[in-house]
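Structure data follow from upload-v7.pdb (PDB, C-alpha atoms and all ligand atoms):
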```
MODEL        1
ATOM      1  CA  MET U   1     169.713  99.135  75.238
ATOM      2  CA  ARG U   2     166.647 100.731  73.667
ATOM      3  CA  LEU U   3     166.722 104.498  73.572
ATOM      4  CA  VAL U   4     164.674 107.277  72.018
ATOM      5  CA  MET U   5     166.114 110.712  71.234
ATOM      6  CA  LEU U   6     163.406 113.370  71.518
ATOM      7  CA  GLY U   7     163.779 117.038  70.766
ATOM      8  CA  PRO U   8     162.953 119.799  68.328
ATOM      9  CA  PRO U   9     164.379 119.859  64.785
ATOM     10  CA  GLY U  10     168.059 120.725  64.845
ATOM     11  CA  ALA U  11     168.477 120.020  68.558
ATOM     12  CA  GLY U  12     171.294 117.607  67.741
ATOM     13  CA  LYS U  13     169.408 114.290  67.908
ATOM     14  CA  GLY U  14     171.237 112.869  64.889
ATOM     15  CA  THR U  15     174.630 114.144  66.030
ATOM     16  CA  GLN U  16     174.183 112.628  69.476
ATOM     17  CA  ALA U  17     172.637 109.369  68.233
ATOM     18  CA  ARG U  18     175.626 108.801  65.962
ATOM     19  CA  MET U  19     178.046 109.368  68.844
ATOM     20  CA  LEU U  20     176.031 107.089  71.120
ATOM     21  CA  GLN U  21     175.811 104.230  68.653
ATOM     22  CA  GLU U  22     179.617 103.933  68.660
ATOM     23  CA  ARG U  23     179.673 103.945  72.437
ATOM     24  CA  LEU U  24     176.728 101.621  73.057
ATOM     25  CA  GLY U  25     177.112  99.279  70.084
ATOM     26  CA  VAL U  26     173.473  99.541  68.962
ATOM     27  CA  PRO U  27     172.343 101.166  65.688
ATOM     28  CA  GLN U  28     170.955 104.654  65.232
ATOM     29  CA  ILE U  29     167.611 104.400  63.438
ATOM     30  CA  ALA U  30     166.492 107.780  62.105
ATOM     31  CA  SER U  31     162.979 108.036  60.678
ATOM     32  CA  GLY U  32     164.030 111.135  58.688
ATOM     33  CA  ASP U  33     166.906 109.194  57.038
ATOM     34  CA  LEU U  34     164.599 106.274  56.190
ATOM     35  CA  LEU U  35     162.103 108.698  54.642
ATOM     36  CA  ARG U  36     164.782 110.595  52.684
ATOM     37  CA  ALA U  37     166.095 107.262  51.312
ATOM     38  CA  ALA U  38     162.546 106.380  50.174
ATOM     39  CA  VAL U  39     162.242 109.811  48.522
ATOM     40  CA  GLN U  40     165.571 109.371  46.748
ATOM     41  CA  ASP U  41     164.601 105.859  45.564
ATOM     42  CA  ARG U  42     161.267 107.280  44.309
ATOM     43  CA  THR U  43     159.247 104.506  45.976
ATOM     44  CA  GLN U  44     155.477 105.022  46.196
ATOM     45  CA  LEU U  45     155.875 105.718  49.918
ATOM     46  CA  GLY U  46     158.717 108.181  49.238
ATOM     47  CA  ILE U  47     156.710 110.095  46.631
ATOM     48  CA  GLU U  48     153.817 110.460  49.054
ATOM     49  CA  ALA U  49     156.049 111.345  52.039
ATOM     50  CA  LYS U  50     157.841 114.096  50.094
ATOM     51  CA  ARG U  51     154.632 116.145  49.849
ATOM     52  CA  TYR U  52     154.610 116.469  53.634
ATOM     53  CA  MET U  53     158.367 116.745  54.248
ATOM     54  CA  ASP U  54     158.864 119.620  51.818
ATOM     55  CA  ARG U  55     156.506 121.837  53.799
ATOM     56  CA  GLY U  56     157.732 120.747  57.229
ATOM     57  CA  ALA U  57     154.607 118.747  58.089
ATOM     58  CA  LEU U  58     154.594 115.285  59.634
ATOM     59  CA  VAL U  59     154.339 112.315  57.319
ATOM     60  CA  PRO U  60     151.171 110.281  58.152
ATOM     61  CA  ASP U  61     151.666 107.729  60.914
ATOM     62  CA  ASP U  62     150.819 104.678  58.780
ATOM     63  CA  LEU U  63     153.625 105.439  56.288
ATOM     64  CA  VAL U  64     156.225 106.095  58.993
ATOM     65  CA  LEU U  65     155.221 103.021  60.979
ATOM     66  CA  LYS U  66     155.603 100.821  57.923
ATOM     67  CA  LEU U  67     159.214 101.962  57.465
ATOM     68  CA  ILE U  68     160.128 101.766  61.149
ATOM     69  CA  GLU U  69     158.603  98.320  61.706
ATOM     70  CA  GLU U  70     160.492  96.983  58.715
ATOM     71  CA  ARG U  71     163.764  98.491  59.992
ATOM     72  CA  LEU U  72     163.293  97.230  63.556
ATOM     73  CA  ARG U  73     162.863  93.680  62.261
ATOM     74  CA  LYS U  74     166.448  93.679  60.921
ATOM     75  CA  PRO U  75     168.889  91.529  62.934
ATOM     76  CA  ASP U  76     171.118  94.419  64.066
ATOM     77  CA  ALA U  77     168.197  95.914  66.010
ATOM     78  CA  THR U  78     167.544  92.854  68.168
ATOM     79  CA  ALA U  79     170.164  93.891  70.757
ATOM     80  CA  GLY U  80     168.748  97.406  70.925
ATOM     81  CA  PHE U  81     168.568 100.699  69.058
ATOM     82  CA  ILE U  82     168.685 104.461  69.307
ATOM     83  CA  LEU U  83     165.557 105.855  67.688
ATOM     84  CA  ASP U  84     166.154 109.342  66.303
ATOM     85  CA  GLY U  85     163.084 111.342  65.227
ATOM     86  CA  PHE U  86     160.633 108.562  66.084
ATOM     87  CA  PRO U  87     158.145 108.496  67.770
ATOM     88  CA  ARG U  88     156.763 111.953  67.032
ATOM     89  CA  THR U  89     153.093 111.491  67.834
ATOM     90  CA  ARG U  90     151.147 109.732  70.561
ATOM     91  CA  GLU U  91     149.966 107.171  67.963
ATOM     92  CA  GLN U  92     153.570 106.368  67.005
ATOM     93  CA  ALA U  93     154.588 106.054  70.675
ATOM     94  CA  GLU U  94     151.745 103.638  71.340
ATOM     95  CA  ALA U  95     152.563 101.604  68.238
ATOM     96  CA  LEU U  96     156.196 101.339  69.407
ATOM     97  CA  ALA U  97     155.092 100.188  72.860
ATOM     98  CA  ALA U  98     152.828  97.583  71.250
ATOM     99  CA  MET U  99     155.728  96.210  69.171
ATOM    100  CA  TYR U 100     157.710  95.369  72.310
ATOM    101  CA  LYS U 101     154.887  94.814  74.757
ATOM    102  CA  ARG U 102     156.191  91.509  76.070
ATOM    103  CA  ASN U 103     159.479  92.793  77.490
ATOM    104  CA  GLY U 104     159.047  96.541  77.977
ATOM    105  CA  ALA U 105     159.620  98.855  75.049
ATOM    106  CA  LEU U 106     162.273 101.296  76.165
ATOM    107  CA  ASP U 107     165.080 101.836  78.659
ATOM    108  CA  ARG U 108     165.252 105.627  78.419
ATOM    109  CA  VAL U 109     163.917 108.586  76.452
ATOM    110  CA  ILE U 110     166.458 111.384  76.162
ATOM    111  CA  ALA U 111     165.009 114.847  75.573
ATOM    112  CA  LEU U 112     167.470 117.426  74.234
ATOM    113  CA  ASN U 113     166.638 120.993  75.245
ATOM    114  CA  VAL U 114     167.759 123.730  72.838
ATOM    115  CA  PRO U 115     166.107 127.167  72.400
ATOM    116  CA  ASP U 116     164.487 128.032  69.056
ATOM    117  CA  GLU U 117     166.943 130.768  68.027
ATOM    118  CA  GLU U 118     169.915 128.412  68.485
ATOM    119  CA  ILE U 119     168.032 125.833  66.413
ATOM    120  CA  ILE U 120     167.626 128.238  63.503
ATOM    121  CA  LYS U 121     171.400 128.904  63.584
ATOM    122  CA  ARG U 122     172.221 125.213  63.732
ATOM    123  CA  ILE U 123     169.908 124.210  60.902
ATOM    124  CA  SER U 124     170.769 127.051  58.553
ATOM    125  CA  GLY U 125     174.466 126.067  58.717
ATOM    126  CA  ARG U 126     173.973 122.308  58.437
ATOM    127  CA  ARG U 127     175.514 120.496  55.482
ATOM    128  CA  THR U 128     175.209 116.749  54.890
ATOM    129  CA  CYS U 129     177.251 114.399  52.727
ATOM    130  CA  ARG U 130     175.214 112.954  49.878
ATOM    131  CA  ASN U 131     177.369 109.857  49.862
ATOM    132  CA  CYS U 132     177.963 108.776  53.489
ATOM    133  CA  GLY U 133     175.528 110.991  55.438
ATOM    134  CA  ALA U 134     178.264 112.650  57.567
ATOM    135  CA  MET U 135     177.078 115.951  58.997
ATOM    136  CA  TYR U 136     178.822 119.305  59.262
ATOM    137  CA  HIS U 137     178.029 122.832  60.334
ATOM    138  CA  LEU U 138     179.509 125.728  58.387
ATOM    139  CA  VAL U 139     180.462 127.543  61.610
ATOM    140  CA  PHE U 140     180.434 125.028  64.490
ATOM    141  CA  ASP U 141     181.983 122.044  62.671
ATOM    142  CA  PRO U 142     183.129 123.172  59.221
ATOM    143  CA  PRO U 143     184.338 120.684  56.598
ATOM    144  CA  MET U 144     187.949 121.149  55.423
ATOM    145  CA  ASN U 145     186.655 121.845  51.919
ATOM    146  CA  GLN U 146     183.380 123.795  51.945
ATOM    147  CA  ASN U 147     181.653 121.543  49.413
ATOM    148  CA  HIS U 148     183.091 118.118  50.127
ATOM    149  CA  CYS U 149     183.040 115.560  52.906
ATOM    150  CA  ASN U 150     186.226 115.102  54.979
ATOM    151  CA  GLN U 151     185.618 111.352  55.185
ATOM    152  CA  CYS U 152     184.689 110.289  51.633
ATOM    153  CA  ASN U 153     184.984 113.470  49.536
ATOM    154  CA  GLY U 154     181.245 113.178  48.703
ATOM    155  CA  GLU U 155     179.277 116.302  47.771
ATOM    156  CA  LEU U 156     177.820 118.295  50.687
ATOM    157  CA  TYR U 157     174.257 119.545  50.323
ATOM    158  CA  GLN U 158     171.681 121.541  52.268
ATOM    159  CA  ARG U 159     168.424 119.712  53.011
ATOM    160  CA  GLU U 160     165.391 121.038  51.117
ATOM    161  CA  ASP U 161     163.406 121.434  54.347
ATOM    162  CA  ASP U 162     166.130 123.508  56.029
ATOM    163  CA  SER U 163     165.021 126.951  54.804
ATOM    164  CA  GLU U 164     164.198 129.313  57.680
ATOM    165  CA  ASP U 165     160.431 129.367  56.922
ATOM    166  CA  THR U 166     160.185 125.591  56.805
ATOM    167  CA  VAL U 167     162.218 125.271  60.011
ATOM    168  CA  ARG U 168     159.795 127.635  61.783
ATOM    169  CA  MET U 169     156.934 125.444  60.541
ATOM    170  CA  ARG U 170     158.765 122.311  61.801
ATOM    171  CA  LEU U 171     159.163 123.982  65.211
ATOM    172  CA  GLN U 172     155.406 124.633  65.366
ATOM    173  CA  VAL U 173     154.662 121.056  64.386
ATOM    174  CA  TYR U 174     157.067 119.847  67.084
ATOM    175  CA  ALA U 175     155.330 121.963  69.735
ATOM    176  CA  ALA U 176     151.860 120.739  68.760
ATOM    177  CA  ALA U 177     152.421 117.051  67.990
ATOM    178  CA  THR U 178     155.668 115.908  69.614
ATOM    179  CA  ARG U 179     156.282 117.982  72.748
ATOM    180  CA  PRO U 180     153.318 116.292  74.518
ATOM    181  CA  LEU U 181     155.367 113.079  74.393
ATOM    182  CA  LEU U 182     157.653 114.567  77.058
ATOM    183  CA  GLU U 183     154.830 114.314  79.552
ATOM    184  CA  TYR U 184     153.765 110.913  78.198
ATOM    185  CA  TYR U 185     157.236 109.458  78.856
ATOM    186  CA  GLU U 186     157.720 111.390  82.088
ATOM    187  CA  ARG U 187     154.644 109.655  83.480
ATOM    188  CA  GLN U 188     156.222 106.316  82.571
ATOM    189  CA  GLY U 189     159.409 107.248  84.435
ATOM    190  CA  LEU U 190     161.495 106.997  81.240
ATOM    191  CA  LEU U 191     162.278 110.643  80.508
ATOM    192  CA  VAL U 192     165.728 112.151  80.975
ATOM    193  CA  GLN U 193     166.092 115.872  80.160
ATOM    194  CA  VAL U 194     169.504 116.962  78.886
ATOM    195  CA  ASP U 195     170.795 120.474  78.189
ATOM    196  CA  GLY U 196     171.687 120.448  74.468
ATOM    197  CA  ILE U 197     173.791 123.619  74.563
ATOM    198  CA  GLY U 198     177.554 123.297  74.363
ATOM    199  CA  ARG U 199     179.973 121.342  72.181
ATOM    200  CA  PRO U 200     178.608 117.988  70.922
ATOM    201  CA  GLU U 201     181.174 116.154  73.130
ATOM    202  CA  GLU U 202     179.917 118.018  76.203
ATOM    203  CA  VAL U 203     176.301 117.155  75.413
ATOM    204  CA  SER U 204     177.287 113.534  74.810
ATOM    205  CA  ALA U 205     179.073 113.360  78.178
ATOM    206  CA  ARG U 206     175.902 114.633  79.878
ATOM    207  CA  ILE U 207     173.829 111.938  78.173
ATOM    208  CA  LEU U 208     176.273 109.156  79.071
ATOM    209  CA  LYS U 209     176.310 110.350  82.661
ATOM    210  CA  GLN U 210     172.526 110.210  82.791
ATOM    211  CA  LEU U 211     172.604 106.706  81.334
ATOM    212  CA  GLY U 212     175.198 105.640  83.900
ATOM    213  CA  VAL U 213     177.540 104.517  81.101
ATOM    214  CA  ASP U 214     180.667 106.004  82.687
ATOM    215  CA  ALA U 215     179.912 104.214  85.906
ATOM    216  CA  LEU U 216     179.330 100.996  83.974
ATOM    217  CA  ASN U 217     182.625 101.309  82.078
ATOM    218  CA  SER U 218     184.661 102.078  85.172
ATOM    219  CA  ALA U 219     183.116  99.109  86.947
ATOM    220  CA  LYS U 220     184.146  96.880  84.015
ATOM    221  CA  ALA U 221     187.673  98.363  84.059
ATOM    222  CA  ARG U 222     187.926  97.697  87.806
ATOM    223  CA  THR U 223     186.849  94.082  87.321
ATOM    224  CA  LYS U 224     189.500  93.577  84.627
ATOM    225  CA  ALA U 225     192.300  95.180  86.712
TER     226      ALA U 225
HETATM  227  P1  LIG U 301     164.150 114.613  60.590
HETATM  228  O1  LIG U 301     165.163 114.246  59.606
HETATM  229  O2  LIG U 301     163.892 113.693  61.734
HETATM  230  O3  LIG U 301     164.456 116.079  61.077
HETATM  231  P2  LIG U 301     164.272 116.797  62.490
HETATM  232  O4  LIG U 301     163.653 116.050  63.618
HETATM  233  O5  LIG U 301     163.561 118.031  62.099
HETATM  234  O6  LIG U 301     165.662 116.898  63.019
HETATM  235  P3  LIG U 301     166.951 117.305  62.241
HETATM  236  O7  LIG U 301     167.473 116.119  61.484
HETATM  237  O8  LIG U 301     166.691 118.561  61.449
HETATM  238  O9  LIG U 301     167.887 117.733  63.434
HETATM  239  P4  LIG U 301     168.649 116.926  64.574
HETATM  240  O10 LIG U 301     167.957 117.150  65.882
HETATM  241  O11 LIG U 301     168.909 115.497  64.172
HETATM  242  O12 LIG U 301     169.982 117.778  64.616
HETATM  243  P5  LIG U 301     171.400 117.485  63.930
HETATM  244  O13 LIG U 301     172.146 116.494  64.759
HETATM  245  O14 LIG U 301     171.211 117.188  62.480
HETATM  246  O15 LIG U 301     162.722 114.806  59.880
HETATM  247  C1  LIG U 301     162.591 115.518  58.674
HETATM  248  C2  LIG U 301     161.140 115.425  58.201
HETATM  249  O16 LIG U 301     160.792 114.039  57.971
HETATM  250  C3  LIG U 301     160.093 115.919  59.198
HETATM  251  O17 LIG U 301     159.896 117.328  59.106
HETATM  252  C4  LIG U 301     158.866 115.120  58.770
HETATM  253  O18 LIG U 301     158.301 115.659  57.609
HETATM  254  C5  LIG U 301     159.465 113.768  58.403
HETATM  255  N1  LIG U 301     159.526 112.829  59.542
HETATM  256  C6  LIG U 301     160.654 112.307  60.115
HETATM  257  N2  LIG U 301     160.338 111.476  61.104
HETATM  258  C7  LIG U 301     158.980 111.466  61.170
HETATM  259  C8  LIG U 301     158.064 110.800  62.019
HETATM  260  N3  LIG U 301     158.472 109.991  63.018
HETATM  261  N4  LIG U 301     156.749 111.038  61.822
HETATM  262  C9  LIG U 301     156.307 111.842  60.834
HETATM  263  N5  LIG U 301     157.127 112.516  60.004
HETATM  264  C10 LIG U 301     158.461 112.327  60.166
HETATM  265  O19 LIG U 301     172.106 118.903  64.112
HETATM  266  C11 LIG U 301     171.693 120.032  63.362
HETATM  267  C12 LIG U 301     172.925 120.906  63.016
HETATM  268  O20 LIG U 301     173.472 121.417  64.229
HETATM  269  C13 LIG U 301     174.070 120.146  62.317
HETATM  270  O21 LIG U 301     174.682 120.995  61.387
HETATM  271  C14 LIG U 301     175.053 119.822  63.442
HETATM  272  O22 LIG U 301     176.387 119.762  62.972
HETATM  273  C15 LIG U 301     174.841 121.017  64.379
HETATM  274  N6  LIG U 301     175.006 120.643  65.779
HETATM  275  C16 LIG U 301     174.625 119.493  66.396
HETATM  276  N7  LIG U 301     174.933 119.520  67.714
HETATM  277  C17 LIG U 301     175.518 120.736  67.934
HETATM  278  C18 LIG U 301     176.059 121.362  69.087
HETATM  279  N8  LIG U 301     176.051 120.754  70.281
HETATM  280  N9  LIG U 301     176.586 122.622  68.955
HETATM  281  C19 LIG U 301     176.592 123.251  67.732
HETATM  282  N10 LIG U 301     176.106 122.678  66.592
HETATM  283  C20 LIG U 301     175.573 121.449  66.697
ENDMDL
END
```
Represent the structure of the file as structure tokens.
Ligand code: AP5
Amino acid sequence: MRLVMLGPPGAGKGTQARMLQERLGVPQIASGDLLRAAVQDRTQLGIEAKRYMDRGALVPDDLVLKLIEERLRKPDATAGFILDGFPRTREQAEALAAMYKRNGALDRVIALNVPDEEIIKRISGRRTCRNCGAMYHLVFDPPMNQNHCNQCNGELYQREDDSEDTVRMRLQVYAAATRPLLEYYERQGLLVQVDGIGRPEEVSARILKQLGVDALNSAKARTKA
């Protein structure tokens, strides 16, 4: 299954993509994670990308496409993927379609709807594990120890682009460059809009219902019985 998670910063794309990858058995591929790894490794691409990321702007398409194309060529992505944070511009969406033009690029595009004020709350409380990438929220999903990961005891940190001013900039960039993709995918009959408010498990159940995964699983269970 090939899915795209669309939505504003902090809407819960990463949280939901991680839950879905377990359920669907295809990897989450997050452009933001790939870029942050390049920044941490101080590659030429990472050094250039950081200039844009720090101020909440989009990294130029050619840099992002290079990373994504390389990642999609890995064997674990042949059975499918959940793209999280990509595509974000019309150019990226068209490049993705061109990569898979022979057999249809995508099965569904899931758009998570969350109002801006909720987004600011979610992002300002987010903490991420430096070691394993696990994500927490100081109020909604607090770690047992405020500074360390429940799973690996790694240090928790706040992303540099998560200050309120930068988040407001990221929201503006989303509205100008990425929101038009909703209409682009709607016209292709791929868009599924999901209410992103509620506990992560509730949002996940809504997504699975839209994908027909529950129906699929019960049909399999019936066949086995
Ligand atoms: P990226 O890393 O993609 O950030 P983003 O899209 O701004 O999204 P976030 O990761 O902030 O949020 P999310 O929607 O994944 O929410 P999450 O699940 O973490 O991009 C960062 C930067 O990289 C960009 O600004 C840009 O510079 C660059 N970039 C990346 N991709 C690019 C591209 N394709 N082109 C160009 N540039 C690109 O949840 C947020 C918080 O809320 C967490 O604390 C979580 O625990 C909590 N939470 C989640 N769900 C719920 C819930 N249901 N209820 C309560 N809390 C919840």
**Report entry** All residues 12 Å or closer to Arg199 in chain U, all atoms listed in the file, same chain fewer than 3 positions away omitted, as a VMD selection string
**Finding:** chain U and resid 12 15 to 16 140 to 141 195 to 196 202 to 206
Need to verify the contact set: Leu96 in chain U, 9 Å, only C-alpha atoms, exclusion of same-chain residues closer than 4 positions in sequence. Can you return it as a PDB file with C-alpha atoms, in the coordinates of the input?
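Final output, saved to around34.pdb:
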```pdb
ATOM      1  CA  LEU U  65     155.221 103.021  60.979  1.00  0.00           C
ATOM      2  CA  GLU U  69     158.603  98.320  61.706  1.00  0.00           C
ATOM      3  CA  PRO U  87     158.145 108.496  67.770  1.00  0.00           C
ATOM      4  CA  GLU U  91     149.966 107.171  67.963  1.00  0.00           C
ATOM      5  CA  GLN U  92     153.570 106.368  67.005  1.00  0.00           C
ATOM      6  CA  TYR U 100     157.710  95.369  72.310  1.00  0.00           C
ATOM      7  CA  LYS U 101     154.887  94.814  74.757  1.00  0.00           C
ATOM      8  CA  ALA U 105     159.620  98.855  75.049  1.00  0.00           C
TER       9      ALA U 105
END
```
Counting all atoms listed in the file, closest pick from U:Gly80, U:Gly25, U:Gly125, U:Pro115 relative to ligand LIG 301 (chain U) is U:Gly125
- Task: Residues within 7 Å of ligand LIG 301 (chain U), counting all atoms listed in the file: report them as a ChimeraX atom specification.
- Result: /U:7-16,30-33,35,52-53,56-61,64,84-88,122-123,125-127,135-137,140-141,170,196-200,203
Can you sort out the box for range 176-181 of chain U, edges along x, y and z, all listed atoms in, 6 Å on every side, with centre and edge lengths in Å to one decimal, as lines of an AutoDock Vina configuration file?
```
center_x = 154.1
center_y = 116.9
center_z = 71.3
size_x = 16.4
size_y = 19.7
size_z = 18.5
```
One residue among U:Asp107, U:Asp165, U:Asp41, U:Glu94 is nearest to Tyr184 in chain U when using only C-alpha atoms, and that residue is U:Glu94
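Excluding Asp54 in chain U itself and any same-chain residue fewer than 5 positions from it, the protein and nucleic acid residues within 8 Å of it, counting only C-alpha atoms, are Glu160, Asp161 and Thr166 of chain U.
With CA of Arg108 in chain U on one side and CA of Arg36 in chain U on the other, the separation reads 26.2 Å.
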Students should find that CA of Met1 in chain U and CA of Arg71 in chain U are spaced 16.4 Å
**Request:** Within 9 Å of Ala134 in chain U, counting all atoms listed in the file, which residues show up once you throw out same-chain ones fewer than 6 positions away? Write them as number ranges by chain, please.
**Result:** U: 127-128, 149-151, 156
Carefully work through the PyMOL selection byres (((chain U and resi 185-191) around 10) and not hetatm) for this structure and note down the residues it includes, as a JSON list (two decimals) with C-alpha atoms, in the frame of the given file.
```
[["chain", "number", "residue", "atom", "x", "y", "z"],
["U", 3, "LEU", "CA", 166.72, 104.50, 73.57],
["U", 4, "VAL", "CA", 164.67, 107.28, 72.02],
["U", 6, "LEU", "CA", 163.41, 113.37, 71.52],
["U", 93, "ALA", "CA", 154.59, 106.05, 70.68],
["U", 106, "LEU", "CA", 162.27, 101.30, 76.17],
["U", 107, "ASP", "CA", 165.08, 101.84, 78.66],
["U", 108, "ARG", "CA", 165.25, 105.63, 78.42],
["U", 109, "VAL", "CA", 163.92, 108.59, 76.45],
["U", 110, "ILE", "CA", 166.46, 111.38, 76.16],
["U", 111, "ALA", "CA", 165.01, 114.85, 75.57],
["U", 180, "PRO", "CA", 153.32, 116.29, 74.52],
["U", 181, "LEU", "CA", 155.37, 113.08, 74.39],
["U", 182, "LEU", "CA", 157.65, 114.57, 77.06],
["U", 183, "GLU", "CA", 154.83, 114.31, 79.55],
["U", 184, "TYR", "CA", 153.76, 110.91, 78.20],
["U", 192, "VAL", "CA", 165.73, 112.15, 80.97],
["U", 193, "GLN", "CA", 166.09, 115.87, 80.16],
["U", 194, "VAL", "CA", 169.50, 116.96, 78.89]]
```
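Between CA of Ala176 in chain U and CA of Gly46 in chain U the interatomic distance comes to 24.2 Å.
Closest to Ile207 in chain U among U:Leu112, U:Leu83, U:Val26, U:Met99 is U:Leu112, based on all atoms listed in the file.
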Can you list, as a count of residues only, the residues that the PyMOL selection byres (((chain U and resi 24) around 12) and not hetatm) selects here? 27
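When all atoms listed in the file are used to measure the gap to Ala177 in chain U, the shortest distance among U:Glu118, U:Cys152, U:Arg159, U:Thr89 belongs to U:Thr89.
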